Amino acid sequence: MLATRLAILVRREYEKRRMRAATREVDLDQEGRTTLALLGRAAIEESRPDFSASLHDVLSLCRTSFKDWPLGALSTDDGLASVRLLTDQGVPTPDCADLVRGASNLADLEEGVLFARLMEQIKSSVAGSDRERVYSAVREFIVRTPVTTRGALHAFMTSARTMGLAGVLQNEIYQPTPRPIDGVVSTCEHCGSRLRRATGSCATPICEMRHGRGRTGVSVPWTEDLIEVGDAVLTFWVSPGLDECALYDEARALGRDAVLYDRMDACDVLIDGAIALDLKANLSPISLARRLNAGIGRLARYSRRIICIPDPIIVVTPAFIPQLRARLDPSLPSLEIMSSADFLKELKGA
Ligand SMILES: [Zn+2]
C-alpha cells in the first residue's frame with residue numbers, strides 16, 4: 001500500500017534528520033527509492049506532474065492531508081483522505097506511526113521512545129510504591145504546561161517529589177525556547193503552547209484544529225529561563241492530553257473519583273475505578289482501527305472501556321466513528337467509541 005510505504009519513508013527520514021544526517025536523495029535506501037518510484041508511476045498513471053523526483057518536495061507534501069496531494073491514489077480510500085504524515089513542525093503524526101506499526105513491529109516509534117525514557121528514569125529513581133503517582137503527576141504537568149520556566153519546573157519537581165526525574169525532564173522532554181527577534185513569545189490562551197507567529201496557530205495539533213489560525217494569544221517576555229516541550233511531546237502527549245485533562249477536571253468537579261494515566265498509562269482517565277477512557281488523536285479511522293485490532297493492551301483490564309475521539313477530528317471526518325466501528329475486529333474485547341463531547345454529556349447527565 002502506497003500510503004504505508006510513504007509512512008515508512010517519512011519515519012526513516014525523520015530519524016536521519018534527528019541524527020543530524022542530511023536528507024538527500026542519494027542517501028535513500030532501496031526501499032525509499034522504490035517508494036518514490038511508485039509515487040512517480042502513480043502520478044504518470046493519473047497524468048499528473050511527477051513530483052517524486054524531489055525527496056524534499058515529497059516530504060513537504062507529507063505535511064498536507066492526502067486529499068490535498070496532486071495525486072488521487074493516496075486518498076481513494078476515504079478513511080485516508082484526512083491523513084497527514086507530518087505535522088507542521090515536521091514530526092511524524094500518530095497516523096504515520098500507526099501506518100508504520102501496521103506494516104511492521106518497529107518498537108522505536110516516537111511515542112514508545114518517550115514512554116520508555118520516562119519509565120526508565122522512574123524505575124531507576126523512584127521507589128516502587130510511589131511510581132504510579134509520580135508517572136501521573138509528571139504526565140499531567142507536561143500536558144498542562146507545555147511552555148514554562150526552569151524555575152516553575154523545579155518548583156513542580158520539588159512539590160510533587162519527582163526530583164529524580166530532573167535529568168529526563170530538563171534535558172529531553174523540555175528544551176530552551178528560542179529567542180524571538182522582538183523578545184516576545186506568544187502562547188496559546190487555551191492550552192499554553194507556543195503560537196506560531198507566522199500563522200497565529202497553536203503548536204498543539206488538536207488545539208489548532210479546534211481554535212483555528214490567525215490568533216494573537218498571550219504575550220510572554222522571553223527570558224533565558226523559558227522552556228517548552230519538544231514537537232513529539234506536543235503531538236503524542238499534549239494533543240490528546242487536552243481532552244484527557246478536560247474530562248478528568250469535569251469528572252472531579254462533579255464529585256466523581258477520577259485518576260489520570262492510571263497504573264502508568266493502562267488508560268488515560270479512570271472514573272470511579274471502573275470507566276476507562278482512552279483518548280485517540282488519529283485523524284484516520286483506518287489507521288486507528290489497525291492499531292486497535294493489533295491489541296488494546298492493558299485497557300482490557302477494565303470493565304467498561306471507552307475509546308474517546310476529540311471533537312475536532314469528527315468535525316473534519318464526520319463519519320469517523322461509524323468508519324472505525326466497521327473496521328474493528330469483532331474478536332476484540334468490547335469497546336465503546338464516542339466523541340469527547342458525547343462522553344462529557346453522559347458524565348453531566350449521570
Ligand atoms: Zn493551544
# chains A, B, ... in the order shown; residues from 1 in each chain; ligands from 1

call {"tool": "closest_atom_pairs", "arguments": {"of": "chain A", "to": "ligand 1", "cutoff": "10 Å", "atoms": "only C-alpha atoms and all ligand atoms", "output": "JSON lines"}}
result
{"residue": "A:Pro146", "atom": "CA", "partner": "ligand 1", "partner_atom_place_in_ligand_line": "1 (Zn)", "distance": 9.6}
{"residue": "A:Thr187", "atom": "CA", "partner": "ligand 1", "partner_atom_place_in_ligand_line": "1 (Zn)", "distance": 7.7}
{"residue": "A:Cys188", "atom": "CA", "partner": "ligand 1", "partner_atom_place_in_ligand_line": "1 (Zn)", "distance": 4.6}
{"residue": "A:Glu189", "atom": "CA", "partner": "ligand 1", "partner_atom_place_in_ligand_line": "1 (Zn)", "distance": 6.6}
{"residue": "A:His190", "atom": "CA", "partner": "ligand 1", "partner_atom_place_in_ligand_line": "1 (Zn)", "distance": 4.9}
{"residue": "A:Cys191", "atom": "CA", "partner": "ligand 1", "partner_atom_place_in_ligand_line": "1 (Zn)", "distance": 4.1}
{"residue": "A:Gly192", "atom": "CA", "partner": "ligand 1", "partner_atom_place_in_ligand_line": "1 (Zn)", "distance": 5.9}
{"residue": "A:Ser193", "atom": "CA", "partner": "ligand 1", "partner_atom_place_in_ligand_line": "1 (Zn)", "distance": 5.4}
{"residue": "A:Arg194", "atom": "CA", "partner": "ligand 1", "partner_atom_place_in_ligand_line": "1 (Zn)", "distance": 7.5}
{"residue": "A:Leu195", "atom": "CA", "partner": "ligand 1", "partner_atom_place_in_ligand_line": "1 (Zn)", "distance": 7.4}
{"residue": "A:Ser201", "atom": "CA", "partner": "ligand 1", "partner_atom_place_in_ligand_line": "1 (Zn)", "distance": 7.8}
{"residue": "A:Cys202", "atom": "CA", "partner": "ligand 1", "partner_atom_place_in_ligand_line": "1 (Zn)", "distance": 4.6}
{"residue": "A:Ala203", "atom": "CA", "partner": "ligand 1", "partner_atom_place_in_ligand_line": "1 (Zn)", "distance": 6.6}
{"residue": "A:Thr204", "atom": "CA", "partner": "ligand 1", "partner_atom_place_in_ligand_line": "1 (Zn)", "distance": 5.5}
{"residue": "A:Pro205", "atom": "CA", "partner": "ligand 1", "partner_atom_place_in_ligand_line": "1 (Zn)", "distance": 8.1}
{"residue": "A:Ile206", "atom": "CA", "partner": "ligand 1", "partner_atom_place_in_ligand_line": "1 (Zn)", "distance": 7.9}
{"residue": "A:Cys207", "atom": "CA", "partner": "ligand 1", "partner_atom_place_in_ligand_line": "1 (Zn)", "distance": 4.5}
{"residue": "A:Glu208", "atom": "CA", "partner": "ligand 1", "partner_atom_place_in_ligand_line": "1 (Zn)", "distance": 6.2}
{"residue": "A:Met209", "atom": "CA", "partner": "ligand 1", "partner_atom_place_in_ligand_line": "1 (Zn)", "distance": 9.3}
{"residue": "A:Arg210", "atom": "CA", "partner": "ligand 1", "partner_atom_place_in_ligand_line": "1 (Zn)", "distance": 8.6}
{"residue": "A:His211", "atom": "CA", "partner": "ligand 1", "partner_atom_place_in_ligand_line": "1 (Zn)", "distance": 7.6}
{"residue": "A:Gly212", "atom": "CA", "partner": "ligand 1", "partner_atom_place_in_ligand_line": "1 (Zn)", "distance": 9.4}
{"residue": "A:Gly217", "atom": "CA", "partner": "ligand 1", "partner_atom_place_in_ligand_line": "1 (Zn)", "distance": 9.0}
{"residue": "A:Val238", "atom": "CA", "partner": "ligand 1", "partner_atom_place_in_ligand_line": "1 (Zn)", "distance": 9.5}
{"residue": "A:Ser239", "atom": "CA", "partner": "ligand 1", "partner_atom_place_in_ligand_line": "1 (Zn)", "distance": 8.8}
{"residue": "A:Leu242", "atom": "CA", "partner": "ligand 1", "partner_atom_place_in_ligand_line": "1 (Zn)", "distance": 9.0}

call {"tool": "write_last_selection", "arguments": {"atoms": "N, CA and C atoms", "output": "PDB file, in the first residue's frame"}}
result
ATOM      1  N   PRO A 146       2.900  23.143  28.647  1.00  0.00           N
ATOM      2  CA  PRO A 146       3.846  22.868  27.559  1.00  0.00           C
ATOM      3  C   PRO A 146       4.924  23.951  27.414  1.00  0.00           C
ATOM      4  N   THR A 187       1.890  32.813  23.511  1.00  0.00           N
ATOM      5  CA  THR A 187       1.421  31.483  23.898  1.00  0.00           C
ATOM      6  C   THR A 187      -0.089  31.402  23.707  1.00  0.00           C
ATOM      7  N   CYS A 188      -0.579  30.168  23.563  1.00  0.00           N
ATOM      8  CA  CYS A 188      -1.995  29.924  23.302  1.00  0.00           C
ATOM      9  C   CYS A 188      -2.806  30.097  24.585  1.00  0.00           C
ATOM     10  N   GLU A 189      -3.891  30.875  24.493  1.00  0.00           N
ATOM     11  CA  GLU A 189      -4.701  31.110  25.688  1.00  0.00           C
ATOM     12  C   GLU A 189      -5.493  29.870  26.100  1.00  0.00           C
ATOM     13  N   HIS A 190      -5.569  28.858  25.217  1.00  0.00           N
ATOM     14  CA  HIS A 190      -6.342  27.652  25.530  1.00  0.00           C
ATOM     15  C   HIS A 190      -5.483  26.549  26.138  1.00  0.00           C
ATOM     16  N   CYS A 191      -4.300  26.307  25.569  1.00  0.00           N
ATOM     17  CA  CYS A 191      -3.515  25.161  26.047  1.00  0.00           C
ATOM     18  C   CYS A 191      -2.131  25.548  26.546  1.00  0.00           C
ATOM     19  N   GLY A 192      -1.714  26.797  26.338  1.00  0.00           N
ATOM     20  CA  GLY A 192      -0.428  27.242  26.873  1.00  0.00           C
ATOM     21  C   GLY A 192       0.772  26.947  25.985  1.00  0.00           C
ATOM     22  N   SER A 193       0.551  26.273  24.834  1.00  0.00           N
ATOM     23  CA  SER A 193       1.682  26.026  23.927  1.00  0.00           C
ATOM     24  C   SER A 193       2.093  27.318  23.243  1.00  0.00           C
ATOM     25  N   ARG A 194       3.198  27.262  22.506  1.00  0.00           N
ATOM     26  CA  ARG A 194       3.624  28.436  21.766  1.00  0.00           C
ATOM     27  C   ARG A 194       2.726  28.613  20.548  1.00  0.00           C
ATOM     28  N   LEU A 195       2.392  29.849  20.239  1.00  0.00           N
ATOM     29  CA  LEU A 195       1.677  30.151  18.997  1.00  0.00           C
ATOM     30  C   LEU A 195       2.725  30.437  17.944  1.00  0.00           C
ATOM     31  N   SER A 201      -1.202  30.216  14.712  1.00  0.00           N
ATOM     32  CA  SER A 201      -1.851  28.943  15.044  1.00  0.00           C
ATOM     33  C   SER A 201      -1.093  28.262  16.172  1.00  0.00           C
ATOM     34  N   CYS A 202      -1.833  27.482  16.951  1.00  0.00           N
ATOM     35  CA  CYS A 202      -1.245  26.816  18.114  1.00  0.00           C
ATOM     36  C   CYS A 202      -0.374  25.655  17.659  1.00  0.00           C
ATOM     37  N   ALA A 203       0.739  25.434  18.371  1.00  0.00           N
ATOM     38  CA  ALA A 203       1.651  24.343  18.015  1.00  0.00           C
ATOM     39  C   ALA A 203       1.086  22.976  18.384  1.00  0.00           C
ATOM     40  N   THR A 204       0.023  22.950  19.221  1.00  0.00           N
ATOM     41  CA  THR A 204      -0.589  21.665  19.595  1.00  0.00           C
ATOM     42  C   THR A 204      -1.613  21.292  18.518  1.00  0.00           C
ATOM     43  N   PRO A 205      -1.420  20.157  17.805  1.00  0.00           N
ATOM     44  CA  PRO A 205      -2.275  19.886  16.641  1.00  0.00           C
ATOM     45  C   PRO A 205      -3.790  19.925  16.914  1.00  0.00           C
ATOM     46  N   ILE A 206      -4.271  19.269  17.969  1.00  0.00           N
ATOM     47  CA  ILE A 206      -5.725  19.247  18.207  1.00  0.00           C
ATOM     48  C   ILE A 206      -6.233  20.646  18.563  1.00  0.00           C
ATOM     49  N   CYS A 207      -5.424  21.412  19.279  1.00  0.00           N
ATOM     50  CA  CYS A 207      -5.829  22.781  19.659  1.00  0.00           C
ATOM     51  C   CYS A 207      -5.916  23.660  18.413  1.00  0.00           C
ATOM     52  N   GLU A 208      -4.989  23.476  17.488  1.00  0.00           N
ATOM     53  CA  GLU A 208      -5.044  24.247  16.249  1.00  0.00           C
ATOM     54  C   GLU A 208      -6.310  23.910  15.478  1.00  0.00           C
ATOM     55  N   MET A 209      -6.662  22.617  15.425  1.00  0.00           N
ATOM     56  CA  MET A 209      -7.877  22.208  14.712  1.00  0.00           C
ATOM     57  C   MET A 209      -9.114  22.820  15.371  1.00  0.00           C
ATOM     58  N   ARG A 210      -9.080  22.897  16.692  1.00  0.00           N
ATOM     59  CA  ARG A 210     -10.258  23.386  17.424  1.00  0.00           C
ATOM     60  C   ARG A 210     -10.409  24.903  17.336  1.00  0.00           C
ATOM     61  N   HIS A 211      -9.301  25.627  17.398  1.00  0.00           N
ATOM     62  CA  HIS A 211      -9.398  27.087  17.520  1.00  0.00           C
ATOM     63  C   HIS A 211      -8.908  27.858  16.302  1.00  0.00           C
ATOM     64  N   GLY A 212      -8.359  27.156  15.313  1.00  0.00           N
ATOM     65  CA  GLY A 212      -8.000  27.813  14.058  1.00  0.00           C
ATOM     66  C   GLY A 212      -6.750  28.678  14.126  1.00  0.00           C
ATOM     67  N   GLY A 217      -2.921  35.394  20.820  1.00  0.00           N
ATOM     68  CA  GLY A 217      -2.504  34.711  22.043  1.00  0.00           C
ATOM     69  C   GLY A 217      -2.089  35.652  23.155  1.00  0.00           C
ATOM     70  N   VAL A 238       0.662  16.068  24.563  1.00  0.00           N
ATOM     71  CA  VAL A 238      -0.145  17.261  24.863  1.00  0.00           C
ATOM     72  C   VAL A 238      -1.439  17.259  24.039  1.00  0.00           C
ATOM     73  N   SER A 239      -1.357  16.896  22.761  1.00  0.00           N
ATOM     74  CA  SER A 239      -2.519  16.994  21.874  1.00  0.00           C
ATOM     75  C   SER A 239      -3.704  16.149  22.391  1.00  0.00           C
ATOM     76  N   LEU A 242      -5.136  17.265  26.088  1.00  0.00           N
ATOM     77  CA  LEU A 242      -6.051  18.385  26.375  1.00  0.00           C
ATOM     78  C   LEU A 242      -7.426  17.851  26.768  1.00  0.00           C
TER      79      LEU A 242
END

call {"tool": "select_by_dssp", "arguments": {"residues": "segment 72-278 of chain A", "states": "helix (DSSP H, G or I)", "output": "VMD selection string"}}
result
chain A and resid 78 to 80 94 to 103 110 to 125 128 to 144 150 to 159 163 to 173 205 to 211 231 to 253 262 to 265

call {"tool": "residues_around", "arguments": {"residues": "Pro178 of chain A", "least_positions_apart": "5", "cutoff": "9 Å", "atoms": "only C-alpha atoms", "output": "ChimeraX atom specification"}}
result
/A:222,224,226-227

call {"tool": "write_last_selection", "arguments": {"atoms": "N, CA and C atoms", "output": "CSV table (one decimal), in the first residue's frame"}}
result
chain,number,residue,atom,x,y,z
A,222,TRP,N,10.4,37.0,26.6
A,222,TRP,CA,11.3,35.9,26.5
A,222,TRP,C,12.4,36.1,27.6
A,224,GLU,N,15.9,33.7,29.4
A,224,GLU,CA,16.7,32.5,29.3
A,224,GLU,C,16.1,31.3,30.0
A,226,LEU,N,13.1,30.4,30.0
A,226,LEU,CA,11.9,29.9,29.4
A,226,LEU,C,12.2,28.6,28.7
A,227,ILE,N,11.3,27.6,28.9
A,227,ILE,CA,11.5,26.3,28.3
A,227,ILE,C,10.1,25.8,27.7

call {"tool": "residues_around", "arguments": {"residues": "Leu299 of chain A", "least_positions_apart": "3", "cutoff": "9 Å", "atoms": "only C-alpha atoms", "output": "PyMOL selection string"}}
result
chain A and resi 266-267+276-278+296+302+305

call {"tool": "atom_distance", "arguments": {"atom1": "atom CA of Ala81 of chain A", "atom2": "atom CA of Lys67 of chain A"}}
result
4.7 Å

call {"tool": "closest_residue", "arguments": {"among": "A:Asp262, A:Leu344, A:Leu28, A:Glu15", "to": "Arg139 of chain A", "atoms": "only C-alpha atoms"}}
result
A:Asp262

call {"tool": "select_by_dssp", "arguments": {"residues": "segment 106-343 of chain A", "states": "strand (DSSP E)", "output": "PyMOL selection string"}}
result
chain A and resi 147-149+174-176+184-187+195-196+201-202+218-221+226-229+258-260+269-271+275-279+304-309+336-339

call {"tool": "residues_around", "arguments": {"residues": "Asp231 of chain A", "least_positions_apart": "5", "cutoff": "9 Å", "atoms": "only C-alpha atoms", "output": "ChimeraX atom specification"}}
result
/A:87,89-91,203-204,236

call {"tool": "closest_residue", "arguments": {"among": "A:Met1, A:Leu292, A:Ala7, A:Val315", "to": "Leu38 of chain A", "atoms": "only C-alpha atoms"}}
result
A:Met1

call {"tool": "atom_distance", "arguments": {"atom1": "atom CA of Leu270 of chain A", "atom2": "atom CA of Ala160 of chain A"}}
result
20.7 Å

call {"tool": "residues_around", "arguments": {"residues": "segment 49-65 of chain A", "least_positions_apart": "4", "cutoff": "10 Å", "atoms": "only C-alpha atoms", "output": "ChimeraX atom specification"}}
result
/A:6-7,9-10,13-14,23-26,28,32-33,35-44,69-71,74-75,80-93,96,283

call {"tool": "write_last_selection", "arguments": {"atoms": "N, CA and C atoms", "output": "compact mmCIF listing (two decimals), in the first residue's frame"}}
result
# COMPACT_ATOMS: atom_id res chain seq x y z
N LEU A 6 4.94 5.17 2.15
CA LEU A 6 5.29 6.58 2.34
C LEU A 6 5.51 6.88 3.83
N ALA A 7 4.65 6.29 4.66
CA ALA A 7 4.79 6.49 6.12
C ALA A 7 6.13 5.96 6.60
N LEU A 9 8.87 5.71 4.79
CA LEU A 9 9.89 6.64 4.27
C LEU A 9 9.99 7.88 5.17
N VAL A 10 8.83 8.44 5.51
CA VAL A 10 8.78 9.65 6.35
C VAL A 10 9.45 9.38 7.69
N GLU A 13 13.29 9.10 7.30
CA GLU A 13 13.92 10.40 7.06
C GLU A 13 13.92 11.25 8.32
N TYR A 14 12.84 11.13 9.11
CA TYR A 14 12.77 11.87 10.38
C TYR A 14 13.88 11.40 11.30
N THR A 23 19.21 15.15 4.51
CA THR A 23 18.16 14.44 3.81
C THR A 23 18.36 14.68 2.31
N ARG A 24 18.97 13.72 1.66
CA ARG A 24 19.22 13.86 0.22
C ARG A 24 18.82 12.58 -0.48
N GLU A 25 18.47 12.72 -1.74
CA GLU A 25 18.03 11.54 -2.48
C GLU A 25 19.09 10.44 -2.48
N VAL A 26 20.38 10.86 -2.59
CA VAL A 26 21.43 9.85 -2.72
C VAL A 26 21.54 8.99 -1.46
N LEU A 28 19.02 7.79 0.19
CA LEU A 28 17.85 6.91 0.34
C LEU A 28 18.25 5.45 0.19
N GLY A 32 13.27 3.21 0.11
CA GLY A 32 12.87 4.60 -0.08
C GLY A 32 12.82 4.96 -1.56
N ARG A 33 13.83 4.48 -2.31
CA ARG A 33 13.85 4.78 -3.75
C ARG A 33 12.66 4.13 -4.45
N THR A 35 9.76 3.53 -3.08
CA THR A 35 8.55 4.29 -2.73
C THR A 35 8.41 5.52 -3.64
N LEU A 36 9.53 6.24 -3.84
CA LEU A 36 9.47 7.41 -4.72
C LEU A 36 9.12 6.99 -6.16
N ALA A 37 9.67 5.86 -6.58
CA ALA A 37 9.39 5.39 -7.95
C ALA A 37 7.89 5.05 -8.08
N LEU A 38 7.33 4.43 -7.05
CA LEU A 38 5.90 4.08 -7.10
C LEU A 38 5.02 5.34 -7.12
N LEU A 39 5.46 6.36 -6.36
CA LEU A 39 4.73 7.64 -6.39
C LEU A 39 4.77 8.22 -7.80
N GLY A 40 5.97 8.16 -8.41
CA GLY A 40 6.14 8.69 -9.75
C GLY A 40 5.25 7.96 -10.74
N ARG A 41 5.18 6.62 -10.60
CA ARG A 41 4.36 5.85 -11.53
C ARG A 41 2.88 6.21 -11.36
N ALA A 42 2.45 6.37 -10.08
CA ALA A 42 1.04 6.72 -9.83
C ALA A 42 0.72 8.08 -10.45
N ALA A 43 1.69 9.03 -10.37
CA ALA A 43 1.46 10.36 -10.96
C ALA A 43 1.31 10.25 -12.47
N ILE A 44 2.17 9.42 -13.09
CA ILE A 44 2.10 9.26 -14.55
C ILE A 44 0.76 8.62 -14.94
N TRP A 69 -3.10 16.29 -1.89
CA TRP A 69 -1.94 15.97 -2.74
C TRP A 69 -2.35 16.07 -4.21
N PRO A 70 -1.37 16.38 -5.09
CA PRO A 70 -1.68 16.38 -6.53
C PRO A 70 -1.66 14.95 -7.07
N LEU A 71 -2.36 14.06 -6.37
CA LEU A 71 -2.34 12.63 -6.69
C LEU A 71 -3.57 12.00 -6.05
N LEU A 74 -3.57 8.24 -3.26
CA LEU A 74 -3.43 8.13 -1.82
C LEU A 74 -4.74 8.37 -1.07
N SER A 75 -5.71 8.97 -1.72
CA SER A 75 -6.94 9.29 -0.98
C SER A 75 -8.17 8.57 -1.54
N LEU A 80 -8.53 7.48 4.48
CA LEU A 80 -7.17 8.00 4.49
C LEU A 80 -7.11 9.45 4.00
N ALA A 81 -8.21 9.97 3.45
CA ALA A 81 -8.16 11.30 2.83
C ALA A 81 -7.68 12.37 3.80
N SER A 82 -8.06 12.27 5.07
CA SER A 82 -7.70 13.32 6.02
C SER A 82 -6.34 13.10 6.67
N VAL A 83 -5.66 12.02 6.30
CA VAL A 83 -4.38 11.70 6.96
C VAL A 83 -3.25 12.61 6.48
N ARG A 84 -2.48 13.09 7.45
CA ARG A 84 -1.20 13.77 7.15
C ARG A 84 -0.13 12.92 7.78
N LEU A 85 1.04 12.87 7.17
CA LEU A 85 2.11 12.05 7.73
C LEU A 85 3.04 12.85 8.63
N LEU A 86 3.13 14.17 8.39
CA LEU A 86 3.99 15.02 9.21
C LEU A 86 3.19 16.21 9.75
N THR A 87 3.52 16.64 10.96
CA THR A 87 2.92 17.86 11.49
C THR A 87 3.60 19.06 10.82
N ASP A 88 3.08 20.27 11.07
CA ASP A 88 3.70 21.47 10.51
C ASP A 88 5.16 21.60 10.96
N GLN A 89 5.46 21.01 12.11
CA GLN A 89 6.84 21.10 12.61
C GLN A 89 7.72 19.97 12.10
N GLY A 90 7.14 19.11 11.23
CA GLY A 90 7.95 18.04 10.65
C GLY A 90 8.10 16.80 11.51
N VAL A 91 7.18 16.59 12.46
CA VAL A 91 7.22 15.37 13.28
C VAL A 91 6.22 14.37 12.71
N PRO A 92 6.58 13.09 12.60
CA PRO A 92 5.60 12.09 12.14
C PRO A 92 4.36 12.10 13.04
N THR A 93 3.18 12.09 12.43
CA THR A 93 1.92 12.16 13.17
C THR A 93 1.56 10.79 13.76
N CYS A 96 0.82 8.48 10.98
CA CYS A 96 2.03 7.97 10.33
C CYS A 96 2.58 6.80 11.16
N LEU A 283 -6.14 10.99 12.97
CA LEU A 283 -7.08 11.65 12.08
C LEU A 283 -7.77 10.64 11.17

call {"tool": "closest_residue", "arguments": {"among": "A:Ala246, A:Val184, A:Ala73, A:Leu118", "to": "Val218 of chain A", "atoms": "only C-alpha atoms"}}
result
A:Val184

call {"tool": "atom_distance", "arguments": {"atom1": "atom CA of Ile337 of chain A", "atom2": "atom CA of Ile307 of chain A"}}
result
4.8 Å

call {"tool": "residues_around", "arguments": {"residues": "Arg133 of chain A", "least_positions_apart": "3", "cutoff": "10 Å", "atoms": "only C-alpha atoms", "output": "ChimeraX atom specification"}}
result
/A:129-130,136-138,160-162,259-264
